[in-house]
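Asks: If you scroll down you'll find the structure; I have some questions about it.
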There are 2 protein chains.
Amino acid sequence: MFSHRSKEYKELHQQTVQRLQKFLETENNVFLSPSSGSGVMEATVRNCVERKMLCCITGEFGKRYAEVGESNGKIVERLEAELGKPITQESLDEKLSSVPDVEAVAITYNETSVGLLNPLPKLAKVVKKHGKLLFVDAVSAMGGVELKVDEWKIDVCFASSQKCFGVPPGLAVANVSEEALERSARAKNKGWYFDFKLYEKYQEKESGTHMTPPIPQILALNKELELIEAEGGKHKRLKFCFKRMQKIKEGVEGLGLSLFPQRGYESPTVACVNAPRGISGPEVYERMRGRGFELAKGYGELKERTFRIGNMGHIRPEDIDEMLRTLGEVLR
Amino acid sequence: MFSHRSKEYKELHQQTVQRLQKFLETENNVFLSPSSGSGVMEATVRNCVERKMLCCITGEFGKRYAEVGESNGKIVERLEAELGKPITQESLDEKLSSVPDVEAVAITYNETSVGLLNPLPKLAKVVKKHGKLLFVDAVSAMGGVELKVDEWKIDVCFASSQKCFGVPPGLAVANVSEEALERSARAKNKGWYFDFKLYEKYQEKESGTHMTPPIPQILALNKELELIEAEGGKHKRLKFCFKRMQKIKEGVEGLGLSLFPQRGYESPTVACVNAPRGISGPEVYERMRGRGFELAKGYGELKERTFRIGNMGHIRPEDIDEMLRTLGEVLR
């Protein structure tokens, strides 16, 4: 291990930031945060919302955003979709017309609790038509789904190291737009730890962070980004993930099972599968675990009715074949 | 890597917490925080201070506590000692009599920027005589200096993984007293990420944290605590560190150099050495680095006048001998 004020660290920091900027297609700042993704959720609220925000809710992580907003003393407006359905342009447009005083809109890009992908590029247009800041929880999306930060005009979008990048947990990354930084400069009582202006200052001055960063995870993420480039770049990686999800979907449907979300909005990074008649979701999970496969239980309200199959990080297509074969056996 | 909601993680979490409780001699909660130590600094302010606190300042990290307090909207009273001198019982007693409305007192146990150890057990008595909450920044002390949390009545005391424990950075640990938790229960706008009541809830319910924790660092810390036990326990480890510092001190003085802090208050975990006449601190640092020894530069106001020799983590006594020999050579 080297010190976070050493030349070695500075080089690593710069390289990782530059690779992330390229990966996210942004010329704005990208910060490395010694926290989980939820830490950046809290940062967006404290740096960029003075009084009121809108949270788009399609599951548990959308609810968390609202909880984070309120626990930081902000007024939170909610736009909630029926479980398994996405936020639509129309509903968002209507909601924003009815609450013109919100300063920012928070959207969960990939709602992992229900295996749903919100139509972010379309929703982003609506948010910008209304002139609001846009925060995107991309925790389970970044690295597995397309994300064009500057083209889509995302002010802050964040993810954790341990999801699609397949790196151990302990690090979050986030892009922060100029406008978000301006809001931060004016913000009162925003605290020290998650202060975007301090991130900016130390990045410029020290090629580092204002607190000690989780160096092992940064080393691993930098390596992973290097690997993605060496394999042929982001779009090749996204295509690979997409195909792997096709395999999961077809396999699951071949077993007579269905996915929970509305057709056309299924997440490419996690399949939320309806448990078959007579077996609960947790039971499927336990049977698979007994056979050496770590799927995920359903989340929140869907805990009993579903189980989930992750499509993140380092999974080989052959492992998917074997998992599907085993799933067929345990359900027989 | 395993999931933070898996049985493996829960077992690891419980074991690490129990080992830390034993190490800190406390029956109170000990939480694992996915942040640097400064994250817990922010947590104490947000959970436990409604309006006003007192920060004892003996160097840069004491100043940081005050900055964290103010950036979170609190009124901060300051008790500042002359650089190189500790906070005394008398000055603290007098200060607390003059500002009876502060709710809590923050003390840097080991002020690494000047290589000074504050007389914490004595200061703790004064804080408790005045009935205040006591926060202790033990970032560079825990694991290298005695720390008796319950006997000394410390409400919150925190450290980072990468200092005396010698584990990679990315994890902070903190004990939190019942009274600190009661204050947290009443606190408004304390946020989500650093909410002590959420740490408590998830620790009880899930043997985990409300966000994803930095699992590699927790594995390493648990292992380190196991090693300390296997070697003969905490006091044996502290004695070993103390002797190693004796060796550093004697060696440095043998070279005609002196330590910066007032005699009797020198830190056992970092020696802050006055640079010799004609050579700046950074120059000593660079010469040693050129010879393969990573010392530390002076910090803040002392940057030019001092350099620092760390006595934390995994350093063999033979390495100290070699470092001292080399130091003699580069200063010749």
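Please note that chains go A, B, ... in the order of the structure tokens, that every chain numbers its residues from 1, and that ligands are numbered from 1 in the order shown.
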Identify every residue of chain A that has at least one atom within 10 Å of any atom of chain B, counting only C-alpha atoms, and report the result as a VMD selection string.

Replies: chain A and resid 1 to 6 33 to 43 45 to 46 64 to 65 67 to 74 160 162 166 to 171 188 to 195 210 to 217 294 296

Asks: Write the residues of the selection above to a file with C-alpha atoms, as a PDB file, in the first residue's frame.

Replies:
ATOM      1  CA  MET A   1       0.000   0.000   0.000  1.00  0.00           C
ATOM      2  CA  PHE A   2       1.193   3.546  -0.773  1.00  0.00           C
ATOM      3  CA  SER A   3       0.131   6.841   0.786  1.00  0.00           C
ATOM      4  CA  HIS A   4      -2.769   8.751  -0.766  1.00  0.00           C
ATOM      5  CA  ARG A   5      -0.534  11.801  -1.023  1.00  0.00           C
ATOM      6  CA  SER A   6       2.221   9.918  -2.893  1.00  0.00           C
ATOM      7  CA  SER A  33     -15.898   8.828  -3.229  1.00  0.00           C
ATOM      8  CA  PRO A  34     -14.853   6.751  -0.201  1.00  0.00           C
ATOM      9  CA  SER A  35     -18.403   5.531   0.395  1.00  0.00           C
ATOM     10  CA  SER A  36     -21.067   3.305  -1.056  1.00  0.00           C
ATOM     11  CA  GLY A  37     -23.279   4.674  -3.849  1.00  0.00           C
ATOM     12  CA  SER A  38     -25.794   5.821  -1.227  1.00  0.00           C
ATOM     13  CA  GLY A  39     -23.153   8.248   0.024  1.00  0.00           C
ATOM     14  CA  VAL A  40     -23.317  10.111  -3.283  1.00  0.00           C
ATOM     15  CA  MET A  41     -27.121  10.002  -3.083  1.00  0.00           C
ATOM     16  CA  GLU A  42     -26.767  11.931   0.176  1.00  0.00           C
ATOM     17  CA  ALA A  43     -24.197  14.233  -1.460  1.00  0.00           C
ATOM     18  CA  VAL A  45     -29.229  16.213  -1.738  1.00  0.00           C
ATOM     19  CA  ARG A  46     -26.894  18.175   0.532  1.00  0.00           C
ATOM     20  CA  ARG A  64     -34.356   5.180  -0.544  1.00  0.00           C
ATOM     21  CA  TYR A  65     -33.644   8.368  -2.494  1.00  0.00           C
ATOM     22  CA  GLU A  67     -35.808   8.780   2.443  1.00  0.00           C
ATOM     23  CA  VAL A  68     -32.335  10.279   2.022  1.00  0.00           C
ATOM     24  CA  GLY A  69     -33.901  13.546   0.842  1.00  0.00           C
ATOM     25  CA  GLU A  70     -36.241  13.793   3.816  1.00  0.00           C
ATOM     26  CA  SER A  71     -33.671  12.730   6.396  1.00  0.00           C
ATOM     27  CA  ASN A  72     -31.586  15.670   5.178  1.00  0.00           C
ATOM     28  CA  GLY A  73     -34.464  18.052   5.813  1.00  0.00           C
ATOM     29  CA  LYS A  74     -35.666  18.528   2.241  1.00  0.00           C
ATOM     30  CA  SER A 160     -20.624   1.654  -6.805  1.00  0.00           C
ATOM     31  CA  GLN A 162     -19.123  -3.746  -6.749  1.00  0.00           C
ATOM     32  CA  GLY A 166     -17.293  -6.416 -10.564  1.00  0.00           C
ATOM     33  CA  VAL A 167     -14.761  -4.807  -8.217  1.00  0.00           C
ATOM     34  CA  PRO A 168     -14.948  -5.284  -4.402  1.00  0.00           C
ATOM     35  CA  PRO A 169     -17.272  -2.861  -2.540  1.00  0.00           C
ATOM     36  CA  GLY A 170     -16.093   0.305  -0.795  1.00  0.00           C
ATOM     37  CA  LEU A 171     -15.876   2.895  -3.570  1.00  0.00           C
ATOM     38  CA  LYS A 188     -25.474  26.092   3.316  1.00  0.00           C
ATOM     39  CA  ASN A 189     -24.743  23.439   5.952  1.00  0.00           C
ATOM     40  CA  LYS A 190     -23.756  20.936   3.307  1.00  0.00           C
ATOM     41  CA  GLY A 191     -21.169  19.347   5.600  1.00  0.00           C
ATOM     42  CA  TRP A 192     -17.567  18.423   4.914  1.00  0.00           C
ATOM     43  CA  TYR A 193     -17.383  14.775   3.946  1.00  0.00           C
ATOM     44  CA  PHE A 194     -19.597  14.901   0.853  1.00  0.00           C
ATOM     45  CA  ASP A 195     -18.885  18.510  -0.174  1.00  0.00           C
ATOM     46  CA  HIS A 210      -9.964  15.535   0.864  1.00  0.00           C
ATOM     47  CA  MET A 211     -10.136  12.361   2.946  1.00  0.00           C
ATOM     48  CA  THR A 212      -8.261   9.077   2.636  1.00  0.00           C
ATOM     49  CA  PRO A 213      -9.623   7.078  -0.329  1.00  0.00           C
ATOM     50  CA  PRO A 214     -10.089   3.262  -0.555  1.00  0.00           C
ATOM     51  CA  ILE A 215      -6.936   2.662  -2.572  1.00  0.00           C
ATOM     52  CA  PRO A 216      -7.363  -1.105  -3.194  1.00  0.00           C
ATOM     53  CA  GLN A 217     -10.764  -0.580  -4.817  1.00  0.00           C
ATOM     54  CA  GLU A 294     -25.760 -17.535  -5.434  1.00  0.00           C
ATOM     55  CA  ALA A 296     -30.563 -13.050  -5.172  1.00  0.00           C
TER      56      ALA A 296
END

Asks: For the full set of C-alpha atoms taken in order, report to one decimal the RMSD after fitting chain B onto chain A.

Replies: 0.0 Å

Asks: Quick one: pick out all helix (DSSP H, G or I) residues within stretch 12-247 of chain A from a backbone DSSP run and write them as a PyMOL selection string.

Replies: chain A and resi 12-24+37-48+60-71+89-98+120-129+178-186+196-206+215-231+234-247

Asks: For atom CA of A:Val126 and atom CA of A:Asp93, determine how far apart the two atoms are, in Å to one decimal place.

Replies: 6.1 Å

Asks: So that I can check the surroundings of A:Gly310, please list as a CSV table (one decimal) with all heavy atoms, in the first residue's frame every protein, DNA and RNA residue that reaches within 8 Å of it, counting only C-alpha atoms and ignoring chain neighbours fewer than 3 positions away.

Replies:
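Generated output (result-v2.csv):
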chain,number,residue,atom,x,y,z
A,269,THR,N,-29.3,-5.8,-16.5
A,269,THR,CA,-28.3,-6.2,-15.5
A,269,THR,C,-28.8,-7.1,-14.4
A,269,THR,O,-28.0,-7.8,-13.7
A,269,THR,CB,-27.6,-5.0,-14.9
A,269,THR,OG1,-28.6,-4.3,-14.1
A,269,THR,CG2,-27.0,-4.1,-15.9
A,270,VAL,N,-30.1,-7.2,-14.3
A,270,VAL,CA,-30.7,-8.2,-13.3
A,270,VAL,C,-32.1,-8.6,-13.8
A,270,VAL,O,-32.9,-7.8,-14.2
A,270,VAL,CB,-30.8,-7.6,-11.9
A,270,VAL,CG1,-31.6,-6.3,-11.8
A,270,VAL,CG2,-31.2,-8.6,-10.9
A,271,ALA,N,-32.3,-9.9,-13.8
A,271,ALA,CA,-33.6,-10.5,-14.2
A,271,ALA,C,-34.4,-10.8,-12.9
A,271,ALA,O,-33.9,-11.5,-12.0
A,271,ALA,CB,-33.4,-11.8,-14.9
A,295,LEU,N,-27.9,-16.9,-6.4
A,295,LEU,CA,-28.8,-15.9,-7.0
A,295,LEU,C,-29.1,-14.8,-6.0
A,295,LEU,O,-28.4,-14.7,-5.0
A,295,LEU,CB,-30.1,-16.6,-7.5
A,295,LEU,CG,-29.9,-17.8,-8.5
A,295,LEU,CD1,-31.2,-18.3,-9.0
A,295,LEU,CD2,-28.9,-17.4,-9.6
A,296,ALA,N,-30.2,-14.0,-6.2
A,296,ALA,CA,-30.6,-13.1,-5.2
A,296,ALA,C,-32.0,-13.3,-4.8
A,296,ALA,O,-32.8,-13.6,-5.7
A,296,ALA,CB,-30.3,-11.6,-5.7

Asks: Tell me which protein, DNA and RNA residues are within 8 Å of stretch 181-187 of chain A, counting only C-alpha atoms, leaving out same-chain ones fewer than 5 positions away, and put them as a PyMOL selection string.

Replies: chain A and resi 46-50+176+195-197

Asks: Near stretch 144-157 of chain B, counting only C-alpha atoms, which residues have an atom at most 7 Å away, once you skip same-chain residues fewer than 2 positions from it, shown as a list in words?

Replies: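 Listing them by chain and then by number gives Leu24, Glu25, Thr26, Pro121, Ala124, Leu133, Leu134, Phe135, Val136, Asp137, Ala138, Ala141, Met142, Cys164, Ala174, Asn175, Val176, Ser177, Ala180, Leu238, Cys241, Pro268, Thr269 and Met312 of chain B.
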
Asks: Fewer than 3 positions away in the same chain doesn't count, so skip those; otherwise give me all residues within 9 Å of B:His130, counting only C-alpha atoms, as a PyMOL selection string.

Replies: chain B and resi 93+96-97+100+125-127

Asks: What is the atom CA of A:Gly251 to atom CA of B:Lys7 distance in Å?

Replies: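 Result for atom CA of A:Gly251 versus atom CA of B:Lys7: 28.5 Å, one decimal.
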
Asks: Can you list, as a ChimeraX atom specification, every protein, DNA or RNA residue that comes within 9 Å of stretch 303-309 of chain A when you count only C-alpha atoms, leaving out same-chain residues fewer than 5 positions away?

Replies: /A:112-115,248,259-260,269-276,279-285,294-298

Asks: Any idea what the distance is between atom CA of B:Lys201 and atom CA of B:Glu178?

Replies: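 According to the coordinates, atom CA of B:Lys201 and atom CA of B:Glu178 are separated by 13.5 Å.
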
Asks: I need the residues in stretch 38-270 of chain B that are strand (DSSP E or B) according to DSSP; give them as a short mmCIF file (atom, residue, chain, number, x, y, z; two decimals) with all heavy atoms, in the first residue's frame.

Replies:
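As a result, selection_21.cif now contains:
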data_model
loop_
_atom_site.label_atom_id
_atom_site.label_comp_id
_atom_site.auth_asym_id
_atom_site.auth_seq_id
_atom_site.Cartn_x
_atom_site.Cartn_y
_atom_site.Cartn_z
N LYS B 52 -24.35 23.54 19.41
CA LYS B 52 -23.04 24.09 19.77
C LYS B 52 -22.10 23.02 20.33
O LYS B 52 -22.51 22.18 21.12
CB LYS B 52 -23.26 25.17 20.84
CG LYS B 52 -22.13 26.15 21.01
CD LYS B 52 -22.61 27.28 21.91
CE LYS B 52 -21.56 28.35 22.13
NZ LYS B 52 -22.08 29.42 22.99
N MET B 53 -20.84 23.09 19.93
CA MET B 53 -19.84 22.14 20.43
C MET B 53 -18.52 22.86 20.70
O MET B 53 -18.30 23.97 20.21
CB MET B 53 -19.64 21.01 19.43
CG MET B 53 -18.98 21.44 18.13
SD MET B 53 -18.90 20.12 16.87
CE MET B 53 -17.75 18.97 17.65
N LEU B 54 -17.67 22.18 21.44
CA LEU B 54 -16.33 22.72 21.71
C LEU B 54 -15.29 21.83 21.04
O LEU B 54 -15.32 20.60 21.20
CB LEU B 54 -16.06 22.76 23.22
CG LEU B 54 -14.61 23.06 23.65
CD1 LEU B 54 -14.19 24.48 23.22
CD2 LEU B 54 -14.45 22.91 25.17
N CYS B 55 -14.39 22.44 20.26
CA CYS B 55 -13.31 21.67 19.64
C CYS B 55 -11.98 22.06 20.28
O CYS B 55 -11.63 23.24 20.34
CB CYS B 55 -13.25 21.95 18.13
SG CYS B 55 -14.65 21.22 17.26
N CYS B 56 -11.26 21.05 20.75
CA CYS B 56 -9.93 21.27 21.33
C CYS B 56 -8.92 21.13 20.20
O CYS B 56 -8.86 20.10 19.53
CB CYS B 56 -9.64 20.23 22.40
SG CYS B 56 -10.79 20.35 23.77
N ILE B 57 -8.11 22.16 20.00
CA ILE B 57 -7.26 22.21 18.80
C ILE B 57 -5.78 22.23 19.16
O ILE B 57 -5.30 23.15 19.82
CB ILE B 57 -7.62 23.42 17.94
CG1 ILE B 57 -9.10 23.30 17.50
CG2 ILE B 57 -6.70 23.52 16.72
CD1 ILE B 57 -9.62 24.47 16.73
N ILE B 75 -22.50 25.82 15.84
CA ILE B 75 -21.62 26.85 16.42
C ILE B 75 -20.45 26.12 17.07
O ILE B 75 -20.66 25.18 17.85
CB ILE B 75 -22.36 27.68 17.48
CG1 ILE B 75 -23.60 28.34 16.84
CG2 ILE B 75 -21.44 28.74 18.09
CD1 ILE B 75 -24.53 28.97 17.86
N VAL B 76 -19.24 26.53 16.72
CA VAL B 76 -18.06 25.85 17.25
C VAL B 76 -17.27 26.78 18.15
O VAL B 76 -16.81 27.85 17.72
CB VAL B 76 -17.17 25.32 16.11
CG1 VAL B 76 -15.87 24.75 16.66
CG2 VAL B 76 -17.90 24.25 15.29
N GLU B 77 -17.15 26.41 19.41
CA GLU B 77 -16.22 27.09 20.32
C GLU B 77 -14.87 26.41 20.16
O GLU B 77 -14.80 25.20 19.94
CB GLU B 77 -16.69 26.95 21.77
CG GLU B 77 -17.95 27.71 22.09
CD GLU B 77 -17.70 29.22 22.22
OE1 GLU B 77 -16.52 29.62 22.41
OE2 GLU B 77 -18.67 29.98 22.12
N ARG B 78 -13.80 27.19 20.29
CA ARG B 78 -12.47 26.63 20.10
C ARG B 78 -11.61 26.81 21.35
O ARG B 78 -11.59 27.89 21.93
CB ARG B 78 -11.75 27.33 18.94
CG ARG B 78 -12.24 26.93 17.57
CD ARG B 78 -11.64 27.86 16.52
NE ARG B 78 -11.80 27.34 15.18
CZ ARG B 78 -12.91 27.44 14.45
NH1 ARG B 78 -13.98 28.01 14.98
NH2 ARG B 78 -12.97 26.95 13.23
N LEU B 79 -10.90 25.75 21.72
CA LEU B 79 -9.86 25.86 22.75
C LEU B 79 -8.57 25.46 22.08
O LEU B 79 -8.37 24.30 21.71
CB LEU B 79 -10.18 24.93 23.93
CG LEU B 79 -9.06 24.82 24.99
CD1 LEU B 79 -8.75 26.18 25.62
CD2 LEU B 79 -9.47 23.82 26.08
N GLU B 80 -7.70 26.46 21.86
CA GLU B 80 -6.51 26.19 21.06
C GLU B 80 -5.26 26.23 21.94
O GLU B 80 -5.08 27.17 22.71
CB GLU B 80 -6.40 27.23 19.94
CG GLU B 80 -6.08 26.60 18.60
CD GLU B 80 -6.41 27.49 17.41
OE1 GLU B 80 -7.44 28.20 17.44
OE2 GLU B 80 -5.62 27.48 16.45
N ALA B 104 -21.15 19.12 23.47
CA ALA B 104 -20.15 18.06 23.32
C ALA B 104 -18.76 18.67 23.17
O ALA B 104 -18.62 19.83 22.78
CB ALA B 104 -20.47 17.22 22.08
N VAL B 105 -17.76 17.86 23.50
CA VAL B 105 -16.36 18.28 23.37
C VAL B 105 -15.64 17.30 22.46
O VAL B 105 -15.76 16.08 22.63
CB VAL B 105 -15.66 18.30 24.75
CG1 VAL B 105 -14.19 18.69 24.61
CG2 VAL B 105 -16.39 19.24 25.70
N ALA B 106 -14.92 17.82 21.48
CA ALA B 106 -14.15 16.97 20.57
C ALA B 106 -12.67 17.12 20.87
O ALA B 106 -12.15 18.23 20.97
CB ALA B 106 -14.43 17.36 19.12
N ILE B 107 -12.00 15.99 21.03
CA ILE B 107 -10.56 16.00 21.32
C ILE B 107 -9.83 15.10 20.32
O ILE B 107 -10.28 13.98 20.05
CB ILE B 107 -10.30 15.47 22.76
CG1 ILE B 107 -10.97 16.40 23.78
CG2 ILE B 107 -8.79 15.37 23.04
CD1 ILE B 107 -10.87 15.90 25.22
N THR B 108 -8.74 15.61 19.75
CA THR B 108 -7.86 14.76 18.95
C THR B 108 -6.93 14.06 19.93
O THR B 108 -6.13 14.73 20.59
CB THR B 108 -7.02 15.63 17.99
OG1 THR B 108 -7.85 16.66 17.43
CG2 THR B 108 -6.44 14.79 16.87
N ASN B 110 -4.44 11.73 19.40
CA ASN B 110 -3.07 11.81 18.89
C ASN B 110 -3.07 12.78 17.71
O ASN B 110 -3.64 12.48 16.67
CB ASN B 110 -2.62 10.42 18.43
CG ASN B 110 -1.16 10.39 18.04
OD1 ASN B 110 -0.28 10.58 18.87
ND2 ASN B 110 -0.90 10.16 16.76
N GLU B 111 -2.46 13.95 17.90
CA GLU B 111 -2.45 14.96 16.83
C GLU B 111 -1.24 14.66 15.94
O GLU B 111 -0.11 15.07 16.23
CB GLU B 111 -2.41 16.36 17.43
CG GLU B 111 -2.38 17.49 16.43
CD GLU B 111 -3.46 17.47 15.34
OE1 GLU B 111 -4.63 17.80 15.61
OE2 GLU B 111 -3.11 17.10 14.20
N LEU B 116 1.89 14.86 18.60
CA LEU B 116 1.57 15.13 20.00
C LEU B 116 0.45 14.25 20.52
O LEU B 116 -0.56 14.06 19.84
CB LEU B 116 1.16 16.60 20.12
CG LEU B 116 0.75 17.07 21.51
CD1 LEU B 116 1.63 18.26 21.94
CD2 LEU B 116 -0.71 17.47 21.54
N LEU B 117 0.62 13.75 21.75
CA LEU B 117 -0.45 12.97 22.39
C LEU B 117 -1.08 13.80 23.49
O LEU B 117 -0.41 14.22 24.43
CB LEU B 117 0.13 11.67 22.99
CG LEU B 117 -0.90 10.65 23.46
CD1 LEU B 117 -1.52 9.92 22.28
CD2 LEU B 117 -0.29 9.66 24.45
N LEU B 133 -20.98 15.45 26.28
CA LEU B 133 -20.61 14.30 25.45
C LEU B 133 -19.13 14.44 25.07
O LEU B 133 -18.65 15.55 24.88
CB LEU B 133 -21.42 14.26 24.16
CG LEU B 133 -22.85 13.72 24.19
CD1 LEU B 133 -23.35 13.56 22.75
CD2 LEU B 133 -22.96 12.37 24.90
N LEU B 134 -18.46 13.29 24.93
CA LEU B 134 -17.04 13.33 24.56
C LEU B 134 -16.80 12.57 23.25
O LEU B 134 -17.09 11.38 23.15
CB LEU B 134 -16.20 12.70 25.69
CG LEU B 134 -14.71 12.46 25.39
CD1 LEU B 134 -13.99 13.75 25.00
CD2 LEU B 134 -14.03 11.82 26.61
N PHE B 135 -16.32 13.29 22.24
CA PHE B 135 -15.93 12.68 20.95
C PHE B 135 -14.41 12.64 20.88
O PHE B 135 -13.76 13.66 21.13
CB PHE B 135 -16.40 13.51 19.75
CG PHE B 135 -17.84 13.88 19.74
CD1 PHE B 135 -18.25 15.08 19.15
CD2 PHE B 135 -18.81 13.05 20.29
CE1 PHE B 135 -19.59 15.44 19.12
CE2 PHE B 135 -20.16 13.40 20.26
CZ PHE B 135 -20.54 14.60 19.67
N VAL B 136 -13.87 11.51 20.50
CA VAL B 136 -12.41 11.41 20.40
C VAL B 136 -12.00 10.97 18.99
O VAL B 136 -12.41 9.91 18.51
CB VAL B 136 -11.86 10.41 21.44
CG1 VAL B 136 -10.37 10.19 21.23
CG2 VAL B 136 -12.13 10.92 22.85
N ASP B 137 -11.23 11.82 18.34
CA ASP B 137 -10.60 11.44 17.08
C ASP B 137 -9.38 10.60 17.45
O ASP B 137 -8.38 11.12 17.93
CB ASP B 137 -10.19 12.71 16.32
CG ASP B 137 -9.33 12.40 15.09
OD1 ASP B 137 -8.87 11.24 14.95
OD2 ASP B 137 -9.10 13.32 14.29
N MET B 142 -5.73 4.62 17.85
CA MET B 142 -6.31 3.31 18.13
C MET B 142 -5.41 2.19 17.59
O MET B 142 -5.11 2.15 16.41
CB MET B 142 -7.70 3.20 17.49
CG MET B 142 -8.51 1.99 17.96
SD MET B 142 -10.09 1.84 17.06
CE MET B 142 -11.02 3.26 17.66
N VAL B 145 -1.91 3.14 20.99
CA VAL B 145 -1.90 3.81 22.30
C VAL B 145 -3.05 3.23 23.12
O VAL B 145 -4.07 2.83 22.55
CB VAL B 145 -2.15 5.34 22.17
CG1 VAL B 145 -1.79 6.06 23.46
CG2 VAL B 145 -1.39 5.92 21.00
N VAL B 156 -18.12 8.75 21.70
CA VAL B 156 -17.79 8.24 20.37
C VAL B 156 -16.29 8.40 20.17
O VAL B 156 -15.73 9.47 20.42
CB VAL B 156 -18.50 9.01 19.23
CG1 VAL B 156 -18.18 8.38 17.88
CG2 VAL B 156 -20.01 9.04 19.44
N CYS B 157 -15.67 7.35 19.73
CA CYS B 157 -14.25 7.42 19.42
C CYS B 157 -14.05 6.62 18.15
O CYS B 157 -14.65 5.56 17.98
CB CYS B 157 -13.50 6.93 20.64
SG CYS B 157 -12.13 5.88 20.38
N PHE B 158 -13.29 7.15 17.24
CA PHE B 158 -13.22 6.52 15.92
C PHE B 158 -11.80 6.47 15.39
O PHE B 158 -10.94 7.24 15.79
CB PHE B 158 -14.12 7.27 14.91
CG PHE B 158 -13.83 8.74 14.83
CD1 PHE B 158 -12.88 9.23 13.93
CD2 PHE B 158 -14.50 9.64 15.65
CE1 PHE B 158 -12.60 10.60 13.87
CE2 PHE B 158 -14.24 10.99 15.59
CZ PHE B 158 -13.29 11.47 14.70
N ALA B 159 -11.59 5.51 14.48
CA ALA B 159 -10.28 5.38 13.83
C ALA B 159 -10.48 4.82 12.43
O ALA B 159 -11.56 4.35 12.08
CB ALA B 159 -9.38 4.47 14.64
N SER B 160 -9.42 4.87 11.65
CA SER B 160 -9.42 4.36 10.28
C SER B 160 -8.63 3.06 10.24
O SER B 160 -7.76 2.84 11.07
CB SER B 160 -8.75 5.36 9.35
OG SER B 160 -9.30 6.64 9.51
N ALA B 172 -13.76 2.85 8.43
CA ALA B 172 -13.60 3.47 9.74
C ALA B 172 -14.37 2.64 10.76
O ALA B 172 -15.33 1.96 10.40
CB ALA B 172 -14.12 4.91 9.72
N VAL B 173 -13.94 2.70 12.01
CA VAL B 173 -14.65 2.00 13.08
C VAL B 173 -14.92 3.00 14.19
O VAL B 173 -14.15 3.95 14.38
CB VAL B 173 -13.84 0.80 13.63
CG1 VAL B 173 -13.52 -0.17 12.52
CG2 VAL B 173 -12.55 1.26 14.31
N ALA B 174 -16.03 2.81 14.92
CA ALA B 174 -16.39 3.76 15.97
C ALA B 174 -17.23 3.09 17.04
O ALA B 174 -18.13 2.31 16.71
CB ALA B 174 -17.18 4.92 15.37
N ASN B 175 -16.94 3.39 18.31
CA ASN B 175 -17.88 3.00 19.36
C ASN B 175 -18.86 4.15 19.55
O ASN B 175 -18.50 5.32 19.35
CB ASN B 175 -17.15 2.72 20.67
CG ASN B 175 -16.56 4.00 21.23
OD1 ASN B 175 -15.52 4.43 20.78
ND2 ASN B 175 -17.24 4.63 22.19
N VAL B 176 -20.09 3.82 19.90
CA VAL B 176 -21.11 4.85 20.10
C VAL B 176 -21.87 4.51 21.38
O VAL B 176 -22.43 3.42 21.51
CB VAL B 176 -22.08 4.91 18.89
CG1 VAL B 176 -23.17 5.94 19.13
CG2 VAL B 176 -21.30 5.26 17.61
N LEU B 259 12.75 16.33 19.02
CA LEU B 259 11.34 16.20 18.63
C LEU B 259 10.64 17.54 18.84
O LEU B 259 11.03 18.32 19.72
CB LEU B 259 10.66 15.11 19.46
CG LEU B 259 11.22 13.69 19.27
CD1 LEU B 259 10.32 12.67 19.96
CD2 LEU B 259 11.32 13.33 17.78
N GLU B 266 5.07 13.61 23.66
CA GLU B 266 5.40 13.10 22.33
C GLU B 266 4.49 11.92 22.00
O GLU B 266 4.25 11.05 22.82
CB GLU B 266 6.86 12.62 22.27
CG GLU B 266 7.89 13.67 22.59
CD GLU B 266 8.32 13.65 24.05
OE1 GLU B 266 7.57 13.12 24.91
OE2 GLU B 266 9.42 14.18 24.33
N VAL B 270 3.75 8.58 16.10
CA VAL B 270 4.45 9.33 15.05
C VAL B 270 5.43 10.31 15.69
O VAL B 270 5.07 11.02 16.63
CB VAL B 270 3.46 10.04 14.09
CG1 VAL B 270 2.60 11.06 14.83
CG2 VAL B 270 4.20 10.73 12.94
#

Asks: Could you check which of A:Ala230, A:Ile87, A:Ile320, A:Leu120 is closest to A:Lys249, using only C-alpha atoms?

Replies: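 Smallest separation from A:Lys249 among the options: A:Ile320.
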
Asks: Which one is closest to A:Val30: A:Glu200, A:Arg289, A:Arg325, A:Tyr109? Count only C-alpha atoms.

Replies: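 So, comparing all the options, the nearest one is A:Glu200.
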